[in-house]
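Chemist: Input structure: coords-v8.cif, which contains mmCIF, N, CA and C atoms.
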data_upload
#
loop_
_atom_site.label_atom_id
_atom_site.label_comp_id
_atom_site.auth_asym_id
_atom_site.auth_seq_id
_atom_site.Cartn_x
_atom_site.Cartn_y
_atom_site.Cartn_z
N MET A 1 257.80 -21.56 175.91
CA MET A 1 256.91 -22.65 176.25
C MET A 1 255.92 -22.22 177.34
N LYS A 2 256.46 -21.47 178.31
CA LYS A 2 255.62 -21.02 179.42
C LYS A 2 254.50 -20.11 178.91
N TYR A 3 254.86 -19.19 178.02
CA TYR A 3 253.87 -18.25 177.49
C TYR A 3 252.83 -18.97 176.62
N LEU A 4 253.26 -20.02 175.93
CA LEU A 4 252.32 -20.80 175.13
C LEU A 4 251.28 -21.48 176.02
N LEU A 5 251.73 -22.03 177.14
CA LEU A 5 250.79 -22.68 178.06
C LEU A 5 249.82 -21.67 178.68
N ILE A 6 250.32 -20.49 179.02
CA ILE A 6 249.44 -19.46 179.56
C ILE A 6 248.42 -19.03 178.52
N PHE A 7 248.87 -18.85 177.29
CA PHE A 7 247.96 -18.46 176.21
C PHE A 7 246.90 -19.53 175.98
N LEU A 8 247.29 -20.80 175.98
CA LEU A 8 246.33 -21.88 175.79
C LEU A 8 245.32 -21.94 176.94
N LEU A 9 245.77 -21.71 178.16
CA LEU A 9 244.87 -21.69 179.31
C LEU A 9 243.84 -20.58 179.18
N VAL A 10 244.29 -19.40 178.80
CA VAL A 10 243.37 -18.28 178.62
C VAL A 10 242.40 -18.57 177.47
N LEU A 11 242.90 -19.15 176.41
CA LEU A 11 242.03 -19.49 175.28
C LEU A 11 240.97 -20.51 175.68
N VAL A 12 241.34 -21.49 176.47
CA VAL A 12 240.37 -22.50 176.93
C VAL A 12 239.31 -21.85 177.82
N ILE A 13 239.73 -20.98 178.72
CA ILE A 13 238.76 -20.29 179.58
C ILE A 13 237.81 -19.44 178.75
N PHE A 14 238.35 -18.75 177.76
CA PHE A 14 237.51 -17.92 176.90
C PHE A 14 236.51 -18.78 176.11
N ILE A 15 236.95 -19.89 175.57
CA ILE A 15 236.06 -20.78 174.81
C ILE A 15 234.98 -21.36 175.71
N ILE A 16 235.35 -21.75 176.93
CA ILE A 16 234.35 -22.27 177.86
C ILE A 16 233.32 -21.20 178.21
N SER A 17 233.78 -19.97 178.43
CA SER A 17 232.83 -18.91 178.75
C SER A 17 231.89 -18.61 177.58
N ILE A 18 232.40 -18.64 176.38
CA ILE A 18 231.54 -18.42 175.20
C ILE A 18 230.55 -19.57 175.05
N THR A 19 231.02 -20.79 175.26
CA THR A 19 230.14 -21.95 175.13
C THR A 19 229.02 -21.91 176.17
N LEU A 20 229.38 -21.62 177.41
CA LEU A 20 228.35 -21.54 178.45
C LEU A 20 227.38 -20.41 178.17
N GLY A 21 227.89 -19.30 177.70
CA GLY A 21 227.03 -18.16 177.40
C GLY A 21 226.14 -18.41 176.20
N ALA A 22 226.62 -19.14 175.21
CA ALA A 22 225.83 -19.40 174.00
C ALA A 22 224.65 -20.32 174.30
N HIS A 23 224.79 -21.19 175.28
CA HIS A 23 223.70 -22.09 175.62
C HIS A 23 222.70 -21.44 176.56
N ASN A 24 222.97 -20.24 176.99
CA ASN A 24 222.07 -19.55 177.90
C ASN A 24 221.72 -18.20 177.28
N ASP A 25 220.59 -18.13 176.59
CA ASP A 25 220.19 -16.92 175.88
C ASP A 25 219.31 -16.00 176.72
N GLN A 26 219.39 -16.14 178.01
CA GLN A 26 218.58 -15.29 178.86
C GLN A 26 219.07 -13.85 178.81
N THR A 27 218.14 -12.96 178.98
CA THR A 27 218.48 -11.54 179.06
C THR A 27 218.51 -11.15 180.53
N VAL A 28 219.58 -10.47 180.91
CA VAL A 28 219.73 -10.05 182.30
C VAL A 28 219.89 -8.53 182.34
N THR A 29 219.53 -7.97 183.48
CA THR A 29 219.72 -6.54 183.70
C THR A 29 221.06 -6.35 184.40
N PHE A 30 221.91 -5.58 183.76
CA PHE A 30 223.25 -5.32 184.31
C PHE A 30 223.32 -3.88 184.77
N ASN A 31 223.51 -3.68 186.06
CA ASN A 31 223.63 -2.35 186.64
C ASN A 31 225.10 -1.98 186.71
N TYR A 32 225.47 -0.92 186.03
CA TYR A 32 226.82 -0.41 186.15
C TYR A 32 226.76 0.99 186.73
N LEU A 33 227.87 1.65 186.83
CA LEU A 33 227.99 2.86 187.64
C LEU A 33 226.96 3.94 187.30
N LEU A 34 226.79 4.25 186.04
CA LEU A 34 225.93 5.36 185.66
C LEU A 34 224.53 4.96 185.19
N ALA A 35 224.38 3.75 184.74
CA ALA A 35 223.09 3.35 184.19
C ALA A 35 222.94 1.84 184.32
N GLN A 36 221.97 1.31 183.62
CA GLN A 36 221.77 -0.13 183.57
C GLN A 36 221.32 -0.49 182.17
N GLY A 37 221.51 -1.74 181.82
CA GLY A 37 221.13 -2.18 180.48
C GLY A 37 220.69 -3.62 180.49
N GLN A 38 219.99 -4.00 179.45
CA GLN A 38 219.54 -5.37 179.25
C GLN A 38 220.49 -6.04 178.25
N TYR A 39 221.15 -7.10 178.70
CA TYR A 39 222.13 -7.78 177.85
C TYR A 39 221.88 -9.28 177.90
N ARG A 40 222.28 -9.96 176.82
CA ARG A 40 222.26 -11.42 176.85
C ARG A 40 223.43 -11.89 177.69
N VAL A 41 223.27 -13.01 178.35
CA VAL A 41 224.30 -13.53 179.23
C VAL A 41 225.59 -13.80 178.45
N SER A 42 225.47 -14.35 177.25
CA SER A 42 226.67 -14.66 176.47
C SER A 42 227.45 -13.40 176.12
N THR A 43 226.76 -12.35 175.72
CA THR A 43 227.42 -11.10 175.38
C THR A 43 228.07 -10.48 176.60
N LEU A 44 227.36 -10.47 177.69
CA LEU A 44 227.88 -9.89 178.93
C LEU A 44 229.10 -10.66 179.43
N LEU A 45 229.04 -11.97 179.38
CA LEU A 45 230.14 -12.80 179.83
C LEU A 45 231.39 -12.58 178.98
N ALA A 46 231.23 -12.57 177.67
CA ALA A 46 232.37 -12.37 176.77
C ALA A 46 232.96 -10.97 176.92
N THR A 47 232.12 -9.98 177.05
CA THR A 47 232.59 -8.60 177.18
C THR A 47 233.34 -8.39 178.48
N LEU A 48 232.81 -8.88 179.57
CA LEU A 48 233.47 -8.71 180.87
C LEU A 48 234.77 -9.50 180.95
N PHE A 49 234.80 -10.68 180.34
CA PHE A 49 236.04 -11.46 180.31
C PHE A 49 237.11 -10.72 179.52
N ALA A 50 236.74 -10.20 178.36
CA ALA A 50 237.70 -9.47 177.52
C ALA A 50 238.19 -8.21 178.24
N ALA A 51 237.29 -7.49 178.90
CA ALA A 51 237.68 -6.29 179.63
C ALA A 51 238.64 -6.63 180.77
N GLY A 52 238.36 -7.68 181.50
CA GLY A 52 239.26 -8.11 182.58
C GLY A 52 240.60 -8.57 182.06
N PHE A 53 240.60 -9.26 180.94
CA PHE A 53 241.84 -9.73 180.33
C PHE A 53 242.71 -8.55 179.90
N ILE A 54 242.11 -7.58 179.25
CA ILE A 54 242.85 -6.40 178.80
C ILE A 54 243.35 -5.58 179.99
N LEU A 55 242.52 -5.42 181.00
CA LEU A 55 242.92 -4.68 182.19
C LEU A 55 244.08 -5.39 182.90
N GLY A 56 244.02 -6.69 182.99
CA GLY A 56 245.10 -7.47 183.62
C GLY A 56 246.41 -7.31 182.86
N TRP A 57 246.36 -7.39 181.53
CA TRP A 57 247.57 -7.21 180.73
C TRP A 57 248.11 -5.79 180.87
N ALA A 58 247.24 -4.81 180.94
CA ALA A 58 247.69 -3.42 181.09
C ALA A 58 248.41 -3.23 182.43
N ILE A 59 247.85 -3.77 183.50
CA ILE A 59 248.47 -3.64 184.82
C ILE A 59 249.81 -4.37 184.86
N CYS A 60 249.84 -5.59 184.33
CA CYS A 60 251.11 -6.33 184.30
C CYS A 60 252.13 -5.62 183.42
N GLY A 61 251.68 -5.04 182.31
CA GLY A 61 252.58 -4.31 181.44
C GLY A 61 253.18 -3.09 182.12
N LEU A 62 252.39 -2.40 182.93
CA LEU A 62 252.91 -1.25 183.66
C LEU A 62 253.95 -1.67 184.69
N PHE A 63 253.70 -2.76 185.40
CA PHE A 63 254.69 -3.25 186.36
C PHE A 63 255.96 -3.69 185.64
N TRP A 64 255.82 -4.38 184.50
CA TRP A 64 256.97 -4.82 183.73
C TRP A 64 257.78 -3.62 183.25
N LEU A 65 257.09 -2.59 182.77
CA LEU A 65 257.76 -1.38 182.31
C LEU A 65 258.51 -0.70 183.45
N ARG A 66 257.91 -0.65 184.62
CA ARG A 66 258.58 -0.05 185.78
C ARG A 66 259.84 -0.81 186.14
N VAL A 67 259.79 -2.13 186.09
CA VAL A 67 260.97 -2.94 186.40
C VAL A 67 262.06 -2.73 185.35
N ARG A 68 261.67 -2.66 184.08
CA ARG A 68 262.65 -2.45 183.00
C ARG A 68 263.34 -1.09 183.14
N VAL A 69 262.60 -0.06 183.47
CA VAL A 69 263.18 1.27 183.66
C VAL A 69 264.13 1.25 184.85
N SER A 70 263.74 0.61 185.92
CA SER A 70 264.59 0.51 187.10
C SER A 70 265.87 -0.26 186.78
N LEU A 71 265.75 -1.34 186.00
CA LEU A 71 266.91 -2.12 185.62
C LEU A 71 267.86 -1.30 184.74
N ALA A 72 267.32 -0.57 183.80
CA ALA A 72 268.16 0.27 182.94
C ALA A 72 268.89 1.33 183.76
N HIS A 73 268.19 1.93 184.71
CA HIS A 73 268.81 2.93 185.58
C HIS A 73 269.94 2.29 186.40
N SER A 74 269.71 1.12 186.93
CA SER A 74 270.72 0.44 187.74
C SER A 74 271.92 0.05 186.88
N GLN A 75 271.69 -0.40 185.66
CA GLN A 75 272.79 -0.76 184.78
C GLN A 75 273.65 0.45 184.43
N ARG A 76 273.01 1.60 184.19
CA ARG A 76 273.77 2.83 183.92
C ARG A 76 274.61 3.22 185.13
N LYS A 77 274.03 3.07 186.32
CA LYS A 77 274.74 3.42 187.55
C LYS A 77 275.94 2.50 187.76
N VAL A 78 275.77 1.20 187.52
CA VAL A 78 276.87 0.25 187.66
C VAL A 78 277.97 0.57 186.66
N LYS A 79 277.60 0.87 185.43
CA LYS A 79 278.59 1.20 184.40
C LYS A 79 279.38 2.45 184.79
N ARG A 80 278.68 3.47 185.29
CA ARG A 80 279.34 4.70 185.72
C ARG A 80 280.29 4.43 186.88
N LEU A 81 279.88 3.60 187.84
CA LEU A 81 280.75 3.27 188.98
C LEU A 81 281.96 2.45 188.54
N GLN A 82 281.78 1.56 187.57
CA GLN A 82 282.91 0.78 187.05
C GLN A 82 283.92 1.69 186.36
N GLN A 83 283.42 2.68 185.62
CA GLN A 83 284.33 3.63 184.98
C GLN A 83 285.09 4.44 186.02
N GLN A 84 284.40 4.88 187.07
CA GLN A 84 285.09 5.63 188.12
C GLN A 84 286.13 4.76 188.83
N LEU A 85 285.81 3.50 189.05
CA LEU A 85 286.76 2.59 189.69
C LEU A 85 287.97 2.37 188.79
N GLY A 86 287.75 2.23 187.50
CA GLY A 86 288.86 2.06 186.56
C GLY A 86 289.76 3.28 186.53
N GLN A 87 289.17 4.47 186.57
CA GLN A 87 289.96 5.70 186.59
C GLN A 87 290.76 5.80 187.90
N ALA A 88 290.15 5.42 189.00
CA ALA A 88 290.84 5.47 190.30
C ALA A 88 292.00 4.48 190.31
N GLU A 89 291.85 3.32 189.73
CA GLU A 89 292.93 2.33 189.69
C GLU A 89 294.07 2.82 188.81
N GLU A 90 293.76 3.52 187.72
CA GLU A 90 294.81 4.08 186.86
C GLU A 90 295.63 5.11 187.63
N ILE A 91 294.96 5.94 188.38
CA ILE A 91 295.65 6.98 189.14
C ILE A 91 296.56 6.35 190.19
N VAL A 92 296.09 5.30 190.83
CA VAL A 92 296.88 4.66 191.88
C VAL A 92 298.07 3.92 191.28
N THR A 93 297.91 3.23 190.17
CA THR A 93 299.00 2.43 189.61
C THR A 93 300.03 3.26 188.87
N VAL A 94 299.70 4.45 188.39
CA VAL A 94 300.60 5.27 187.60
C VAL A 94 301.15 6.42 188.45
N SER A 95 300.97 6.40 189.70
CA SER A 95 301.40 7.49 190.57
C SER A 95 302.93 7.63 190.54
N PRO A 96 303.45 8.86 190.21
CA PRO A 96 304.91 9.04 190.15
C PRO A 96 305.55 9.23 191.53
N VAL A 97 304.78 9.34 192.55
CA VAL A 97 305.32 9.56 193.89
C VAL A 97 305.84 8.24 194.43
N PRO A 98 307.09 8.24 194.96
CA PRO A 98 307.63 6.97 195.50
C PRO A 98 306.87 6.55 196.76
N ALA A 99 306.80 5.26 196.95
CA ALA A 99 306.06 4.72 198.07
C ALA A 99 306.89 4.71 199.36
N VAL A 100 308.21 4.81 199.26
CA VAL A 100 309.07 4.73 200.43
C VAL A 100 309.48 6.15 200.83
N LYS A 101 309.43 6.41 202.10
CA LYS A 101 309.82 7.73 202.62
C LYS A 101 311.30 7.67 203.02
N GLU A 102 312.05 8.67 202.64
CA GLU A 102 313.48 8.68 202.93
C GLU A 102 313.82 9.22 204.27
#
Please re-express this file's structure in structure tokens.
Modeler:
Amino acid sequence: MKYLLIFLLVLVIFIISITLGAHNDQTVTFNYLLAQGQYRVSTLLATLFAAGFILGWAICGLFWLRVRVSLAHSQRKVKRLQQQLGQAEEIVTVSPVPAVKE
């Protein structure tokens, strides 16, 4: 449900940006790092929104992937420690040495 609401919000923002851009057919000069170009406002607005959206998802995806890898590593470590603890308990409970000193 949460993801559906986020998707709908992004879709509404995108539709509003396209609508505002479609009603404004002015040509603007866009200066970017290496050159500049003449673009319609609607095209520029849609392109920059899509680029920002994709960049945002890529960054969030990288953080999510980092957390998943860390979680998998921690789960393996916990499993290994549980196995070591189980082996240590077996050794202690099956010890043939008497507990009382004569």
Chemist: If I take atom N of Thr19 of chain A and atom CA of Leu5 of chain A, how far is one from the other in Å, to one decimal?
Modeler: 20.1 Å
Chemist: Would you list the contacts of Gln38 of chain A as an mmCIF file with N, CA and C atoms, keeping the file's coordinate frame, taking every protein, DNA or RNA residue within 6 Å and counting only N, CA and C atoms, but skipping same-chain residues closer than 6 positions in sequence?
Modeler:
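Saved result, out31.cif, follows:
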data_model
loop_
_atom_site.group_PDB
_atom_site.id
_atom_site.type_symbol
_atom_site.label_atom_id
_atom_site.label_comp_id
_atom_site.auth_asym_id
_atom_site.auth_seq_id
_atom_site.Cartn_x
_atom_site.Cartn_y
_atom_site.Cartn_z
ATOM 1 N N THR A 27 218.140 -12.960 178.980
ATOM 2 C CA THR A 27 218.480 -11.540 179.060
ATOM 3 C C THR A 27 218.510 -11.150 180.530
ATOM 4 N N VAL A 28 219.580 -10.470 180.910
ATOM 5 C CA VAL A 28 219.730 -10.050 182.300
ATOM 6 C C VAL A 28 219.890 -8.530 182.340
ATOM 7 N N THR A 29 219.530 -7.970 183.480
ATOM 8 C CA THR A 29 219.720 -6.540 183.700
ATOM 9 C C THR A 29 221.060 -6.350 184.400
ATOM 10 N N PHE A 30 221.910 -5.580 183.760
ATOM 11 C CA PHE A 30 223.250 -5.320 184.310
ATOM 12 C C PHE A 30 223.320 -3.880 184.770
#
Chemist: So which residues touch segment 20-24 of chain A within 6 Å, counting all atoms listed in the file, skipping near sequence neighbours fewer than 3 positions away, as number ranges by chain?
Modeler: A: 15-17, 41-42
Chemist: In chain A, what's strand (DSSP E) per DSSP? Answer as a VMD selection string?
Modeler: chain A and resid 27 to 31 36 to 40
Chemist: In Å to one decimal, how far is atom N of Arg40 of chain A from atom CA of Gln26 of chain A?
Modeler: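 We find that atom CA of Gln26 of chain A and atom N of Arg40 of chain A lie 6.8 Å from each other.
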Chemist: Name all residues at most 12 Å from Phe53 of chain A (count only C-alpha atoms; drop same-chain ones fewer than 3 positions away) and give them as number ranges by chain.
Modeler: A: 7, 10-11, 13-14, 46-50, 56-60
Chemist: Between atom N of Lys2 of chain A and atom C of Ile18 of chain A, what is the distance, to one decimal in Å?
Modeler: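 Spanning atom N of Lys2 of chain A to atom C of Ile18 of chain A is a straight-line distance of 26.2 Å.
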Chemist: Is it possible to get the axis-aligned box enclosing segment 73-79 of chain A (all listed atoms, 5 Å extra per side) as lines of an AutoDock Vina configuration file, with centre and edge lengths in Å rounded to one decimal?
Modeler:
center_x = 273.8
center_y = 1.3
center_z = 185.8
size_x = 21.2
size_y = 14.2
size_z = 13.8
Chemist: Since fewer atoms than expected are present, regenerate N, CA, C and O atoms for segment 44-66 of chain A and write them as a compact mmCIF listing (two decimals), keeping the file's coordinate frame.
Modeler:
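Once written, rebuild_4.txt looks like this:
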# COMPACT_ATOMS: atom_id res chain seq x y z
N LEU A 44 227.36 -10.47 177.69
CA LEU A 44 227.88 -9.89 178.93
C LEU A 44 229.10 -10.66 179.43
O LEU A 44 230.12 -10.06 179.81
N LEU A 45 229.04 -11.97 179.38
CA LEU A 45 230.14 -12.80 179.83
C LEU A 45 231.39 -12.58 178.98
O LEU A 45 232.49 -12.38 179.50
N ALA A 46 231.23 -12.57 177.67
CA ALA A 46 232.37 -12.37 176.77
C ALA A 46 232.96 -10.97 176.92
O ALA A 46 234.18 -10.79 176.95
N THR A 47 232.12 -9.98 177.05
CA THR A 47 232.59 -8.60 177.18
C THR A 47 233.34 -8.39 178.48
O THR A 47 234.43 -7.79 178.49
N LEU A 48 232.81 -8.88 179.57
CA LEU A 48 233.47 -8.71 180.87
C LEU A 48 234.77 -9.50 180.95
O LEU A 48 235.76 -9.05 181.53
N PHE A 49 234.80 -10.68 180.34
CA PHE A 49 236.04 -11.46 180.31
C PHE A 49 237.11 -10.72 179.52
O PHE A 49 238.26 -10.61 179.95
N ALA A 50 236.74 -10.20 178.36
CA ALA A 50 237.70 -9.47 177.52
C ALA A 50 238.19 -8.21 178.24
O ALA A 50 239.39 -7.89 178.21
N ALA A 51 237.29 -7.49 178.90
CA ALA A 51 237.68 -6.29 179.63
C ALA A 51 238.64 -6.63 180.77
O ALA A 51 239.65 -5.94 180.98
N GLY A 52 238.36 -7.68 181.50
CA GLY A 52 239.26 -8.11 182.58
C GLY A 52 240.60 -8.57 182.06
O GLY A 52 241.65 -8.28 182.65
N PHE A 53 240.60 -9.26 180.94
CA PHE A 53 241.84 -9.73 180.33
C PHE A 53 242.71 -8.55 179.90
O PHE A 53 243.90 -8.50 180.19
N ILE A 54 242.11 -7.58 179.25
CA ILE A 54 242.85 -6.40 178.80
C ILE A 54 243.35 -5.58 179.99
O ILE A 54 244.49 -5.12 180.00
N LEU A 55 242.52 -5.42 181.00
CA LEU A 55 242.92 -4.68 182.19
C LEU A 55 244.08 -5.39 182.90
O LEU A 55 245.04 -4.75 183.35
N GLY A 56 244.02 -6.69 182.99
CA GLY A 56 245.10 -7.47 183.62
C GLY A 56 246.41 -7.31 182.86
O GLY A 56 247.47 -7.13 183.46
N TRP A 57 246.36 -7.39 181.53
CA TRP A 57 247.57 -7.21 180.73
C TRP A 57 248.11 -5.79 180.87
O TRP A 57 249.32 -5.58 180.90
N ALA A 58 247.24 -4.81 180.94
CA ALA A 58 247.69 -3.42 181.09
C ALA A 58 248.41 -3.23 182.43
O ALA A 58 249.48 -2.60 182.49
N ILE A 59 247.85 -3.77 183.50
CA ILE A 59 248.47 -3.64 184.82
C ILE A 59 249.81 -4.37 184.86
O ILE A 59 250.81 -3.82 185.33
N CYS A 60 249.84 -5.59 184.33
CA CYS A 60 251.11 -6.33 184.30
C CYS A 60 252.13 -5.62 183.42
O CYS A 60 253.33 -5.60 183.74
N GLY A 61 251.68 -5.04 182.31
CA GLY A 61 252.58 -4.31 181.44
C GLY A 61 253.18 -3.09 182.12
O GLY A 61 254.36 -2.79 181.94
N LEU A 62 252.39 -2.40 182.93
CA LEU A 62 252.91 -1.25 183.66
C LEU A 62 253.95 -1.67 184.69
O LEU A 62 254.99 -1.02 184.85
N PHE A 63 253.70 -2.76 185.40
CA PHE A 63 254.69 -3.25 186.36
C PHE A 63 255.96 -3.69 185.64
O PHE A 63 257.07 -3.44 186.10
N TRP A 64 255.82 -4.38 184.50
CA TRP A 64 256.97 -4.82 183.73
C TRP A 64 257.78 -3.62 183.25
O TRP A 64 259.01 -3.61 183.32
N LEU A 65 257.09 -2.59 182.77
CA LEU A 65 257.76 -1.38 182.31
C LEU A 65 258.51 -0.70 183.45
O LEU A 65 259.65 -0.24 183.27
N ARG A 66 257.91 -0.65 184.62
CA ARG A 66 258.58 -0.05 185.78
C ARG A 66 259.84 -0.81 186.14
O ARG A 66 260.88 -0.21 186.43
